[in-house]
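Visitor: My structure file protein_30.pdb, PDB, C-alpha atoms, is below:
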```
ATOM      1  CA  MET A   1      22.414 -97.093   5.233  1.00  0.00           C
ATOM      2  CA  THR A   2      19.356 -98.663   6.694  1.00  0.00           C
ATOM      3  CA  VAL A   3      15.819 -98.006   5.551  1.00  0.00           C
ATOM      4  CA  GLU A   4      15.085 -96.181   8.786  1.00  0.00           C
ATOM      5  CA  VAL A   5      18.070 -93.854   8.465  1.00  0.00           C
ATOM      6  CA  LEU A   6      17.099 -92.922   4.899  1.00  0.00           C
ATOM      7  CA  ALA A   7      13.519 -92.261   5.973  1.00  0.00           C
ATOM      8  CA  TYR A   8      14.533 -90.176   8.979  1.00  0.00           C
ATOM      9  CA  ILE A   9      16.950 -88.096   6.888  1.00  0.00           C
ATOM     10  CA  ALA A  10      14.216 -87.479   4.301  1.00  0.00           C
ATOM     11  CA  ALA A  11      11.763 -86.522   7.056  1.00  0.00           C
ATOM     12  CA  ALA A  12      14.286 -84.205   8.713  1.00  0.00           C
ATOM     13  CA  LEU A  13      15.093 -82.434   5.435  1.00  0.00           C
ATOM     14  CA  THR A  14      11.428 -82.016   4.620  1.00  0.00           C
ATOM     15  CA  GLY A  15      10.423 -80.896   8.115  1.00  0.00           C
ATOM     16  CA  LEU A  16      13.270 -78.423   8.440  1.00  0.00           C
ATOM     17  CA  TRP A  17      12.522 -77.029   4.994  1.00  0.00           C
ATOM     18  CA  GLY A  18       8.947 -76.518   6.165  1.00  0.00           C
ATOM     19  CA  VAL A  19      10.238 -74.544   9.150  1.00  0.00           C
ATOM     20  CA  SER A  20      12.512 -72.450   6.969  1.00  0.00           C
ATOM     21  CA  HIS A  21       9.569 -71.917   4.643  1.00  0.00           C
ATOM     22  CA  ALA A  22       7.305 -70.600   7.409  1.00  0.00           C
ATOM     23  CA  ILE A  23       9.790 -68.310   9.163  1.00  0.00           C
ATOM     24  CA  PRO A  24      10.040 -65.614   6.454  1.00  0.00           C
ATOM     25  CA  THR A  25       6.268 -65.358   5.889  1.00  0.00           C
ATOM     26  CA  ARG A  26       6.054 -61.749   7.087  1.00  0.00           C
ATOM     27  CA  ARG A  27       9.000 -60.706   4.944  1.00  0.00           C
ATOM     28  CA  VAL A  28       7.505 -62.426   1.926  1.00  0.00           C
ATOM     29  CA  LEU A  29       4.210 -60.640   2.479  1.00  0.00           C
ATOM     30  CA  ALA A  30       6.004 -57.319   2.763  1.00  0.00           C
ATOM     31  CA  GLY A  31       7.550 -57.963  -0.644  1.00  0.00           C
ATOM     32  CA  PHE A  32       4.087 -58.042  -2.200  1.00  0.00           C
ATOM     33  CA  ALA A  33       2.899 -54.776  -0.660  1.00  0.00           C
ATOM     34  CA  PRO A  34       0.712 -53.041  -1.408  1.00  0.00           C
ATOM     35  CA  ILE A  35      -1.974 -55.745  -1.739  1.00  0.00           C
ATOM     36  CA  SER A  36      -5.531 -55.989  -0.527  1.00  0.00           C
ATOM     37  CA  THR A  37      -6.388 -57.593   2.798  1.00  0.00           C
ATOM     38  CA  ASP A  38      -8.062 -60.511   1.025  1.00  0.00           C
ATOM     39  CA  ASN A  39      -5.042 -61.127  -1.198  1.00  0.00           C
ATOM     40  CA  ARG A  40      -2.800 -60.906   1.860  1.00  0.00           C
ATOM     41  CA  ARG A  41      -4.870 -63.564   3.613  1.00  0.00           C
ATOM     42  CA  VAL A  42      -4.750 -65.866   0.602  1.00  0.00           C
ATOM     43  CA  LEU A  43      -1.005 -65.409   0.278  1.00  0.00           C
ATOM     44  CA  VAL A  44      -0.472 -66.232   3.968  1.00  0.00           C
ATOM     45  CA  GLN A  45      -2.750 -69.256   3.608  1.00  0.00           C
ATOM     46  CA  GLU A  46      -0.908 -70.633   0.608  1.00  0.00           C
ATOM     47  CA  TRP A  47       2.531 -69.883   1.978  1.00  0.00           C
ATOM     48  CA  LEU A  48       1.781 -71.642   5.263  1.00  0.00           C
ATOM     49  CA  ALA A  49      -0.132 -74.472   3.560  1.00  0.00           C
ATOM     50  CA  GLU A  50       3.076 -75.548   1.853  1.00  0.00           C
ATOM     51  CA  ALA A  51       4.949 -75.496   5.163  1.00  0.00           C
ATOM     52  CA  LEU A  52       2.144 -77.502   6.818  1.00  0.00           C
ATOM     53  CA  THR A  53       2.245 -80.004   3.970  1.00  0.00           C
ATOM     54  CA  MET A  54       5.971 -80.499   4.454  1.00  0.00           C
ATOM     55  CA  TRP A  55       5.504 -80.927   8.208  1.00  0.00           C
ATOM     56  CA  GLY A  56       2.699 -83.404   7.627  1.00  0.00           C
ATOM     57  CA  VAL A  57       4.834 -85.483   5.271  1.00  0.00           C
ATOM     58  CA  ALA A  58       7.729 -85.408   7.726  1.00  0.00           C
ATOM     59  CA  VAL A  59       5.566 -86.467  10.675  1.00  0.00           C
ATOM     60  CA  LEU A  60       3.894 -89.228   8.660  1.00  0.00           C
ATOM     61  CA  VAL A  61       7.253 -90.652   7.619  1.00  0.00           C
ATOM     62  CA  ILE A  62       8.623 -90.416  11.167  1.00  0.00           C
ATOM     63  CA  VAL A  63       5.575 -92.111  12.693  1.00  0.00           C
ATOM     64  CA  VAL A  64       5.351 -94.930  10.155  1.00  0.00           C
ATOM     65  CA  THR A  65       9.086 -95.538  10.535  1.00  0.00           C
ATOM     66  CA  ALA A  66       9.073 -95.424  14.331  1.00  0.00           C
ATOM     67  CA  VAL A  67       6.023 -97.663  14.691  1.00  0.00           C
ATOM     68  CA  GLY A  68       7.681-100.272  12.502  1.00  0.00           C
ATOM     69  CA  GLY A  69       4.440-101.920  11.433  1.00  0.00           C
ATOM     70  CA  ASP A  70       3.756-103.806   8.244  1.00  0.00           C
ATOM     71  CA  ALA A  71       6.742-103.403   5.912  1.00  0.00           C
ATOM     72  CA  GLU A  72       4.608-103.269   2.770  1.00  0.00           C
ATOM     73  CA  VAL A  73       2.419-100.488   4.190  1.00  0.00           C
ATOM     74  CA  THR A  74       5.532 -98.564   5.232  1.00  0.00           C
ATOM     75  CA  ARG A  75       6.976 -98.883   1.723  1.00  0.00           C
ATOM     76  CA  TRP A  76       3.757 -97.524   0.218  1.00  0.00           C
ATOM     77  CA  VAL A  77       3.639 -94.621   2.655  1.00  0.00           C
ATOM     78  CA  TYR A  78       7.198 -93.740   1.611  1.00  0.00           C
ATOM     79  CA  ARG A  79       6.219 -93.927  -2.067  1.00  0.00           C
ATOM     80  CA  VAL A  80       3.119 -91.770  -1.660  1.00  0.00           C
ATOM     81  CA  ALA A  81       5.046 -89.216   0.410  1.00  0.00           C
ATOM     82  CA  ALA A  82       7.759 -89.167  -2.264  1.00  0.00           C
ATOM     83  CA  GLY A  83       5.123 -88.596  -4.932  1.00  0.00           C
ATOM     84  CA  LEU A  84       3.722 -85.624  -3.039  1.00  0.00           C
ATOM     85  CA  LEU A  85       7.214 -84.164  -2.595  1.00  0.00           C
ATOM     86  CA  VAL A  86       7.913 -84.596  -6.310  1.00  0.00           C
ATOM     87  CA  ALA A  87       4.622 -82.861  -7.135  1.00  0.00           C
ATOM     88  CA  LEU A  88       5.589 -79.929  -4.892  1.00  0.00           C
ATOM     89  CA  ALA A  89       9.045 -79.842  -6.484  1.00  0.00           C
ATOM     90  CA  VAL A  90       7.532 -79.730  -9.985  1.00  0.00           C
ATOM     91  CA  LEU A  91       5.062 -77.019  -8.966  1.00  0.00           C
ATOM     92  CA  THR A  92       7.889 -74.940  -7.504  1.00  0.00           C
ATOM     93  CA  THR A  93      10.060 -75.524 -10.572  1.00  0.00           C
ATOM     94  CA  PHE A  94       7.418 -73.963 -12.810  1.00  0.00           C
ATOM     95  CA  THR A  95       6.457 -71.161 -10.434  1.00  0.00           C
ATOM     96  CA  GLY A  96       8.690 -69.804  -7.650  1.00  0.00           C
ATOM     97  CA  ALA A  97      11.929 -71.256  -8.999  1.00  0.00           C
ATOM     98  CA  ARG A  98      11.519 -69.125 -12.114  1.00  0.00           C
ATOM     99  CA  THR A  99      12.064 -66.026  -9.982  1.00  0.00           C
ATOM    100  CA  PRO A 100      15.516 -64.755  -8.982  1.00  0.00           C
ATOM    101  CA  VAL A 101      14.969 -65.820  -5.347  1.00  0.00           C
ATOM    102  CA  ILE A 102      17.614 -68.455  -4.547  1.00  0.00           C
ATOM    103  CA  TRP A 103      15.472 -70.224  -1.914  1.00  0.00           C
ATOM    104  CA  PHE A 104      12.870 -71.055  -4.562  1.00  0.00           C
ATOM    105  CA  LYS A 105      15.616 -72.534  -6.722  1.00  0.00           C
ATOM    106  CA  ILE A 106      16.851 -74.684  -3.812  1.00  0.00           C
ATOM    107  CA  CYS A 107      13.368 -75.949  -2.932  1.00  0.00           C
ATOM    108  CA  PRO A 108      12.865 -78.377  -5.874  1.00  0.00           C
ATOM    109  CA  VAL A 109      16.323 -79.861  -5.326  1.00  0.00           C
ATOM    110  CA  LEU A 110      15.742 -80.361  -1.615  1.00  0.00           C
ATOM    111  CA  LEU A 111      12.275 -81.847  -2.105  1.00  0.00           C
ATOM    112  CA  ALA A 112      13.525 -84.127  -4.888  1.00  0.00           C
ATOM    113  CA  THR A 113      16.381 -85.260  -2.643  1.00  0.00           C
ATOM    114  CA  SER A 114      13.940 -86.163   0.126  1.00  0.00           C
ATOM    115  CA  ALA A 115      11.722 -87.957  -2.390  1.00  0.00           C
ATOM    116  CA  THR A 116      14.696 -89.902  -3.730  1.00  0.00           C
ATOM    117  CA  LEU A 117      15.691 -90.987  -0.228  1.00  0.00           C
ATOM    118  CA  LEU A 118      12.127 -92.169   0.435  1.00  0.00           C
ATOM    119  CA  LEU A 119      11.961 -94.047  -2.856  1.00  0.00           C
ATOM    120  CA  LEU A 120      15.281 -95.693  -2.089  1.00  0.00           C
ATOM    121  CA  ALA A 121      14.043 -96.593   1.395  1.00  0.00           C
ATOM    122  CA  SER A 122      10.902 -98.107  -0.162  1.00  0.00           C
ATOM    123  CA  THR A 123      12.968-100.482  -2.275  1.00  0.00           C
ATOM    124  CA  LEU A 124      15.292-101.812   0.437  1.00  0.00           C
TER     125      LEU A 124
END
```
Please express the file's structure as structure tokens.

Guide:
Amino acid sequence: MTVEVLAYIAAALTGLWGVSHAIPTRRVLAGFAPISTDNRRVLVQEWLAEALTMWGVAVLVIVVTAVGGDAEVTRWVYRVAAGLLVALAVLTTFTGARTPVIWFKICPVLLATSATLLLLASTL
């Protein structure tokens, strides 16, 4: 596989996971009811912030790959993006993945897979 294919697959996985993360926001909020309005706002903020982070990583990887600029800069963008995905995977492992919700258990695996693809792409 080429560097670009690995990067695009990682970006697609991450971006799609962000979409699937944002879609059930209302249902997730309903699962916490009853909560105060302020707590509801914070929960929505944090839930969507993770989706936005995933979308941002995906777009960054897509743009740096498509532009095809300096190879060393591209490698470092892949590495930094992978580091952020690993950090999110670790955070989820110690928080949401400890619940019985299967999607939280899938999240660290998916994010680690994307990070691995980016790290591999950064070494080729």

Visitor: Under the PyMOL selection byres ((chain A and resi 9) around 12), which residues of this model are included? Write them out as a list in words.

Guide: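 For this structure, the PyMOL selection byres ((chain A and resi 9) around 12) resolves to Met1, Thr2, Val3, Glu4, Val5, Leu6, Ala7, Tyr8, Ala10, Ala11, Ala12, Leu13, Thr14, Gly15, Leu16, Ala58, Val61, Ile62, Thr65, Leu110, Leu111, Thr113, Ser114, Ala115, Thr116, Leu117, Leu118, Leu120 and Ala121 of chain A.
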
Visitor: Which distance in Å separates atom CA of Thr93 of chain A and atom CA of Ser36 of chain A, to one decimal?

Guide: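 For atom CA of Thr93 of chain A relative to atom CA of Ser36 of chain A, the distance reads 26.9 Å.
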
Visitor: Which residue out of A:Asp70, A:Pro34, A:Leu84, A:Leu43 has the minimum interatomic distance to Val57 of chain A when all atoms listed in the file are used?

Guide: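 Checking each candidate against Val57 of chain A, we get A:Leu84 as the closest.
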
Visitor: Just checking: using all atoms listed in the file, which residue out of A:Val63, A:Trp55, A:Val44, A:Arg79 ends up closest to Arg27 of chain A?

Guide: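 The closest residue to Arg27 of chain A is A:Val44.
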
Visitor: Could you tell me which of A:Ala87, A:Leu60, A:Val101, A:Cys107 comes closest to Thr74 of chain A if we count all atoms listed in the file?

Guide: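 Closest candidate: A:Leu60.
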
Visitor: Name all residues at most 12 Å from Leu91 of chain A (count all atoms listed in the file; drop same-chain ones fewer than 3 positions away) and give them as a ChimeraX atom specification.

Guide: /A:50,84-88,94-98,104-105,107-108,111-112

Visitor: Please list as JSON, numbers by chain every residue within 10 Å of Leu29 of chain A, counting all atoms listed in the file and excluding residues in the same chain fewer than 2 positions away.

Guide: {"A": [24, 25, 26, 27, 31, 32, 33, 34, 35, 39, 40, 41, 43, 44, 47]}

Visitor: Please report the interatomic distance between atom CA of Ile102 of chain A and atom CA of Ala49 of chain A in Å with one decimal.

Guide: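 Between these atoms lies a distance of 20.4 Å.
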
Visitor: In Å, how far is it from atom CA of Val19 of chain A to atom CA of Trp76 of chain A?

Guide: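 These two atoms are separated by 25.5 Å.
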
Visitor: With all atoms listed in the file as the basis for distance, which of A:Ala51, A:Val109, A:Ala66, A:Ala22 is at the shortest distance from Val90 of chain A?

Guide: A:Val109
